[in-house]
Structures are given as C-alpha cells and as structure tokens.
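Visitor: This is the structure I have questions about; it appears just below.
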Amino acid sequence: MIKESVVGELEKIVGKVDVLRSKEALKAYSYDGTTSWIREPDIVVFPTSTQEVSAILSLANTERIPVTPRGGGTNVSGGSVPIEGGIVLCTTKMNRILKVDKENLTATVEPGVVLMDFNMALARQGLFFPPDPQSFLGATLGGVIAENAGGPACVKYGVTKQYVLGLEVVLPNGTILQLGGRTIKNVVGYDLTMLFVSSEGTLGVVTKAELKVNPLPPARKTIMAVYSDVALAGETVFRVLEHGVIPDKIELLDNWVVNRIEEMMPMGLPKDADAVLLFESDGIPEAVEKETERIVELSKSYGAVDVRVARDTDEANRYWLARRAGFAAVFGKAPTVFAEDVTVPRGQIPALIRKCKEIAGKYHLEMCILGHAGDGNLHPAILTDINNKEHYDRAVKAMDEIIEAALDLGGVLSGEHGIGLEKRAFFVQTQDPNVVDLMKGIKALVDPNNIMNPGKIW
Ligand SMILES: Cc1cc2nc3c(=O)[nH]c(=O)nc-3n(C[C@H](O)[C@H](O)[C@H](O)COP(=O)(O)OP(=O)(O)OC[C@H]3O[C@@H](n4cnc5c(N)ncnc54)[C@H](O)[C@@H]3O)c2cc1C
C-alpha cells in the first residue's frame, strides 16, 4: 500500500489528472499481452517529461516503492505486469516525435510514440523504421527498445538494437544519463546504450531515443510458396538465403494456423497446404523483379507445390494482414495458449519443426507453428486450459521439451519476447551461472534498492 503522503507527492510531480487509482484503472494496468500474469499496481502515473520521470523515480527510490515502466502493454512475457505492486509508470503521454533528420537518416523520439504513428510520420518524408513487431498498432518505441523487438523484416534489416544510436535514460535514483549519440559509428568506452536495449525496464526508464531510420524502398513484391510438408518449407528458408537471395521477410504459417485465419477472415490462403511461406522482396524495382524470380525458382526446387506472386498491392496486403492475424486466430481458440519464442540457427528450422511435432504427438496436444522463419524464430503454440490440470500439466511438459530441443539445436530461449516473468526459471537453468551473476551484479550496481521492475528476468 502506498502512503497518502507519497500519493500527494506524485500528484504534485505529474498533476492530479495524470495519477490513477480507481479500481477500474488498477485492473486495466494489471496485465499485459500474456494475460496469464495479473497483479494490480497501487497507482498508475503518466509523466510528460524526463524531469517528471526523474522526480518519480527519485521519490520511489527513497520510499523503496517498486516501479514498473509500461508503454503499450503488448509484450508477451509478463514484462509490464507490476508483479510486486507499487507504481506503474506509463509513458504513453511522452509521445512526441521531436525531430526527423532526413539528411542524416535519424529521428529523435520520446518513448511513448506508437510504432505505427512513427512510421506514418516517417513515410511522409519517404522514410521508415525497419523493426516491425506485429503489435505495431499499439507497441511504443520505449517498449520496442526495452524488449529489443524484431518482426518479419528483421531477415534483411536486423532487430531494434541495430537502429538505436543513443538513449536518454533515467536511473532508479533519478539521475539522467545521455548515452551514445547520433552517429552510425561510436566506440567510446563500454557500450552502455546497448545495456539498456532489451533490459526489460529493470535498469531504468528510457525517456528519449535517437534512432536510425532508412529510406523507404521504392518497390516491393510478395510471394506465397505453398508446401505439402511443413519441414520442407523450413528447409526452403535457409536454402533461399544460402543462394544469396536476402528477402526482407520470410514468414511461416502451418496448416492449422492457415485454417483458423481463413475461418476468422477469408483471405484466400490455401487451406489444404501443410504450410505456407510468405516472402517479401524490397528494393529498387529491377532488383526486386530479379529477386522475386529467384525466390519462385528456389521455392519450387526445394519442394513448393505452388508459388504465387501477388499481382498487386491489394493482394499482397491481404496476405500480410492474414499473417498479422495469426496470433489472434490462435489465441481465440483455447482458454490458454502457450506461444513459444524459441530461435535456432536457420539451418536447424526443419529439425525444430520435426521435434515440435513429435513432442505434441507424444503428449497428445494440439499444436500449431507460425513465426519469423527467416530469422529461425518460431512461435510453436500449444492450446490448453489452465483450469484443466491434467491437460495443462501435459502442455507445460511439452513446452519445456520444445525449449530443451531448441537449446540442443544451438538455439536460444527467446528471440524477441524477452524473459519477463514467463521464462525466469529457464533463464536461470540454462544460462552460464557466471553470466547470471554478472547480470545480477550490474542490476545491483544500477538499482541497489531493487525498485525497477522487480521480479523480472530471474
Ligand atoms: C499480437 C502481438 C504480436 C506481437 N508481435 C511481435 C513481433 O513480431 N516481434 C516482437 O519482437 N514482439 C512482438 N510482440 C510483443 C510486443 O508487442 C513487443 O515486445 C513490443 O515491443 C512491446 O512494446 P510495448 O510498448 O507494448 O511495451 P510494454 O509491453 O508496455 O513493455 C515491455 C517491456 O518494456 C519495458 N518498458 C516499456 N517502456 C519502457 C521505457 N520507456 N523504458 C524502459 N523500459 C520500458 C516494460 O517494463 C516491459 O518490461 C507482439 C505482441 C502481440 C500482442
């Protein structure tokens, strides 16, 4: 419980209207995209400046009150759930795009800018921000940075960390740090900017970011390759890349996902396919034409039974809308869904797919696979029900085995969703203990009173 005197102080810092304590508000800020982790905060505050963030953290630090930073609340690892109560510090009112510098291909933003709004503003100047988590309608840049988010376009463009040139960060004691800069190259001491990228709000609050942006490619084409064996689709991914063709996107949807999407909103996906791969090629028109031809040839030679090149933007948009609907189609079909985020070296995608199917069969579970195959990042999803203990226990065992299989194949626990609350046990079990100790040491140095998003990562 927060003392009334502290509530009064918070109201003085941000103003009364930017402090919420109603029952409804606390409920609304008690969960995130996982939906399975729920804990109400004691209070929600909406700062509008770096100075206000600094004053809030300084007060919380003195009073030893947990603070959970929150952007859009779309993460799927429990990251923005205030698991120890306290203050939710929501950045959605720090949502200004401060500068777009076309000459230097950079932009300066506040953390609460929604990714979609950022890209709309950039598009007006012929620019775009490549990392494209499929939650872009709600995810904020602060959350994108704190999770080092990726998306379909990471095959060619890389993940968020490749686009963060500098950060303004407020530490738990209220100190404001300026990290990095505005240049593409910067090797001045330890790279502390990167320490905050993917730190999941456990080290401080990002209050400003200097981001690299790219010119919008003048041409794009979408190609759908249809497979009668999902593992062959997996093989095509690394074969295409091996032949020197780097599409910006390669996404995989299996038969189950395709059919759920078609039930939800018919998009013309082939319902009898075991899997489809969606490719996008972008760049100058001549290169896109050539690359599209190669993708068609290579997909066929590695087992596609049909390959369609979208005739126009409408058809292409339909396919990508279908892909974006994938998660909704899956999550709507069971009371509880485990959506994994394992990532393997791309050559191991077929082996991972086979292993997932074997594990689902062994535990008699309904499982589907979708994901960013071009990055080796798959989201095998198991449908279960937390209220059916016997079924749920089987699902947990299966998920554990999928993670173990990915690690055995040289992969990692999470490609883009982070550890949060969801994977804490696995994090500690699977990482080098010396690495975990070093991370804990860094956390203790930066946040000795453990007020920043406590209970996360380990
Ligand atoms: C339908 C759907 C599709 C998705 N697709 C993808 C995908 O393709 N790729 C992908 O990578 N992720 C994906 N995600 C996960 C999620 O959307 C991303 O992690 C996103 O970056 C989170 O942004 P957010 O603003 O919602 O952050 P939140 O969920 O609010 O917070 C995420 C984490 O960041 C911290 N945080 C937030 N703001 C700050 C700040 N200013 N300073 C410090 N820490 C902060 C929080 O404490 C929390 O730990 C998807 C989620 C959904 C629901």
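Every chain in the structure tokens has a letter given in the order shown (A, B, ...), and although residue numbers restart at 1 in each chain, ligands are simply numbered from 1 in the order shown.
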Using DSSP on the backbone, list every residue of stretch 148-220 of chain A that comes out as helix (DSSP H, G or I), and give them as a ChimeraX atom specification.
Guide: /A:154-157,160-163,192-196
Visitor: Excluding stretch 437-443 of chain A and any residue of its chain fewer than 6 positions from it, enumerate the residues within 9 Å of it, using only C-alpha atoms, and give them as a PyMOL selection string.
Guide: chain A and resi 202-203+450+458
Visitor: Could I get the residue neighbourhood of ligand 1 at 6 Å, counting only C-alpha atoms and all ligand atoms, as a PyMOL selection string?
Guide: chain A and resi 33+68-76+79-80+111+133-135+139-140+142-144+146-147+149-151+200-201+204-207+327+416-417
Visitor: May I have the selected residues written with C-alpha atoms, as a PDB file, in the first residue's frame?
Guide:
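Output file part.pdb follows:
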ATOM      1  CA  GLY A  33      -0.216  -9.401 -23.679  1.00  0.00           C
ATOM      2  CA  THR A  68       7.159  -0.873 -13.471  1.00  0.00           C
ATOM      3  CA  PRO A  69       7.675   1.057 -16.719  1.00  0.00           C
ATOM      4  CA  ARG A  70       4.927   0.492 -19.248  1.00  0.00           C
ATOM      5  CA  GLY A  71       4.354   1.510 -22.852  1.00  0.00           C
ATOM      6  CA  GLY A  72       1.553  -0.161 -24.808  1.00  0.00           C
ATOM      7  CA  GLY A  73       1.432  -3.224 -22.530  1.00  0.00           C
ATOM      8  CA  THR A  74       1.567  -5.529 -25.559  1.00  0.00           C
ATOM      9  CA  ASN A  75       4.558  -7.636 -24.518  1.00  0.00           C
ATOM     10  CA  VAL A  76       4.002 -11.353 -24.181  1.00  0.00           C
ATOM     11  CA  GLY A  79       7.298  -7.654 -18.592  1.00  0.00           C
ATOM     12  CA  SER A  80       4.938  -4.800 -17.798  1.00  0.00           C
ATOM     13  CA  PRO A 111       9.352   6.618 -25.547  1.00  0.00           C
ATOM     14  CA  PRO A 133       6.885  -6.214 -34.290  1.00  0.00           C
ATOM     15  CA  GLN A 134       3.437  -7.286 -35.405  1.00  0.00           C
ATOM     16  CA  SER A 135       1.932  -5.362 -32.500  1.00  0.00           C
ATOM     17  CA  ALA A 139       3.546  -1.065 -29.180  1.00  0.00           C
ATOM     18  CA  THR A 140       5.523   2.025 -28.167  1.00  0.00           C
ATOM     19  CA  GLY A 142      10.119   2.565 -25.327  1.00  0.00           C
ATOM     20  CA  GLY A 143       8.735  -0.977 -25.177  1.00  0.00           C
ATOM     21  CA  VAL A 144      10.275  -1.856 -28.530  1.00  0.00           C
ATOM     22  CA  ALA A 146      13.319  -2.343 -23.820  1.00  0.00           C
ATOM     23  CA  GLU A 147      12.423  -5.679 -25.499  1.00  0.00           C
ATOM     24  CA  ALA A 149      11.803  -6.212 -30.579  1.00  0.00           C
ATOM     25  CA  GLY A 150      12.001  -7.696 -34.041  1.00  0.00           C
ATOM     26  CA  GLY A 151       9.486  -8.712 -36.673  1.00  0.00           C
ATOM     27  CA  GLU A 200      13.067  -5.063 -19.954  1.00  0.00           C
ATOM     28  CA  GLY A 201      12.661  -1.978 -17.779  1.00  0.00           C
ATOM     29  CA  GLY A 204      15.931   2.492 -15.730  1.00  0.00           C
ATOM     30  CA  VAL A 205      13.394   4.329 -17.850  1.00  0.00           C
ATOM     31  CA  VAL A 206      14.154   5.295 -21.446  1.00  0.00           C
ATOM     32  CA  THR A 207      12.934   8.881 -21.844  1.00  0.00           C
ATOM     33  CA  PHE A 327      -1.788 -14.715 -33.193  1.00  0.00           C
ATOM     34  CA  GLU A 416      12.156 -11.380 -29.318  1.00  0.00           C
ATOM     35  CA  HIS A 417       9.638 -11.670 -26.481  1.00  0.00           C
TER      36      HIS A 417
END
Visitor: Applying 10 Å and only C-alpha atoms, which residues near A:Phe426 remain after dropping the ones on its own chain fewer than 5 positions away? List them as a list of chain:residue names.
Guide: A:Asp400, A:Ile403, A:Glu404, A:Leu413, A:Ile419, A:Gln431, A:Ile457, A:Trp458
Visitor: Using N, CA and C atoms, can you export the residues from the last selection as a compact mmCIF listing (two decimals), in the first residue's frame?
Guide:
# COMPACT_ATOMS: atom_id res chain seq x y z
N ASP A 400 8.29 -27.29 -22.13
CA ASP A 400 9.66 -27.42 -21.59
C ASP A 400 10.52 -28.21 -22.58
N ILE A 403 11.54 -26.16 -25.60
CA ILE A 403 12.66 -25.24 -25.27
C ILE A 403 13.97 -26.03 -25.23
N GLU A 404 13.93 -27.20 -24.56
CA GLU A 404 15.16 -28.02 -24.49
C GLU A 404 15.62 -28.40 -25.90
N LEU A 413 16.50 -19.30 -25.84
CA LEU A 413 15.23 -19.33 -25.13
C LEU A 413 14.20 -18.36 -25.70
N ILE A 419 12.43 -12.31 -21.41
CA ILE A 419 12.28 -13.30 -20.34
C ILE A 419 11.12 -12.93 -19.43
N GLN A 431 21.39 -20.56 -18.45
CA GLN A 431 22.50 -19.64 -18.72
C GLN A 431 23.71 -20.00 -17.87
N ILE A 457 13.08 -11.28 -15.14
CA ILE A 457 14.25 -11.95 -15.76
C ILE A 457 14.79 -13.11 -14.92
N TRP A 458 15.02 -12.92 -13.62
CA TRP A 458 15.41 -14.07 -12.78
C TRP A 458 14.61 -14.06 -11.50
Visitor: Between A:Thr236, A:Ser299, A:Asn387, A:Asn214, which is the closest to A:Tyr157 once you count only C-alpha atoms?
Guide: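 Looking only at the distances to A:Tyr157, the closest residue turns out to be A:Asn214.
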Visitor: Give me every strand (DSSP E) residue in stretch 8-229 of chain A, going by DSSP on the backbone, as a PyMOL selection string.
Guide: chain A and resi 19-20+43-45+67-70+87-90+97-101+106-109+127-128+164-170+176-180+205-212+214-215+219-227
Visitor: Quick one: everything within 12 Å of A:Trp320, counting only C-alpha atoms, minus sequence neighbours fewer than 3 positions away in the same chain. Send it as a PyMOL selection string.
Guide: chain A and resi 134+152-153+221-224+249-253+261+267-269+277-280+310+313-317+323-326
Visitor: Pick from A:Arg39, A:Arg346, A:Arg239, A:Lys423: nearest to A:Ile83, with only C-alpha atoms counted?
Guide: A:Arg39
Visitor: Between A:Cys356, A:Ala405, A:Ile38, A:Ala219, which residue has the minimum interatomic distance to A:Glu289, considering only C-alpha atoms?
Guide: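 Using only C-alpha atoms, A:Glu289 sits closest to A:Ala219.
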Visitor: Do you have the atom CA of A:Asn95-atom CA of A:Val446 distance handy?
Guide: 26.2 Å
Visitor: Which of these residues is nearest to A:Asn388, using only C-alpha atoms: A:Val187, A:Val197, A:Ile353, A:Ala334?
Guide: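 Smallest separation from A:Asn388 among the options: A:Ala334.
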Visitor: With a distance cut-off of 12 Å and only C-alpha atoms, select the neighbouring residues of A:Ala360, excluding the residue or stretch itself and same-chain residues fewer than 5 positions from it, and output the selection as a PyMOL selection string.
Guide: chain A and resi 353-355+365-369+380-384+394-402
Visitor: Can you work out which one of A:Ile145, A:Ile65, A:Ile359, A:Leu177 has the shortest atom-to-atom distance to A:Val159, counting only C-alpha atoms?
Guide: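 With only C-alpha atoms as the atom set, the closest residue is A:Ile145.
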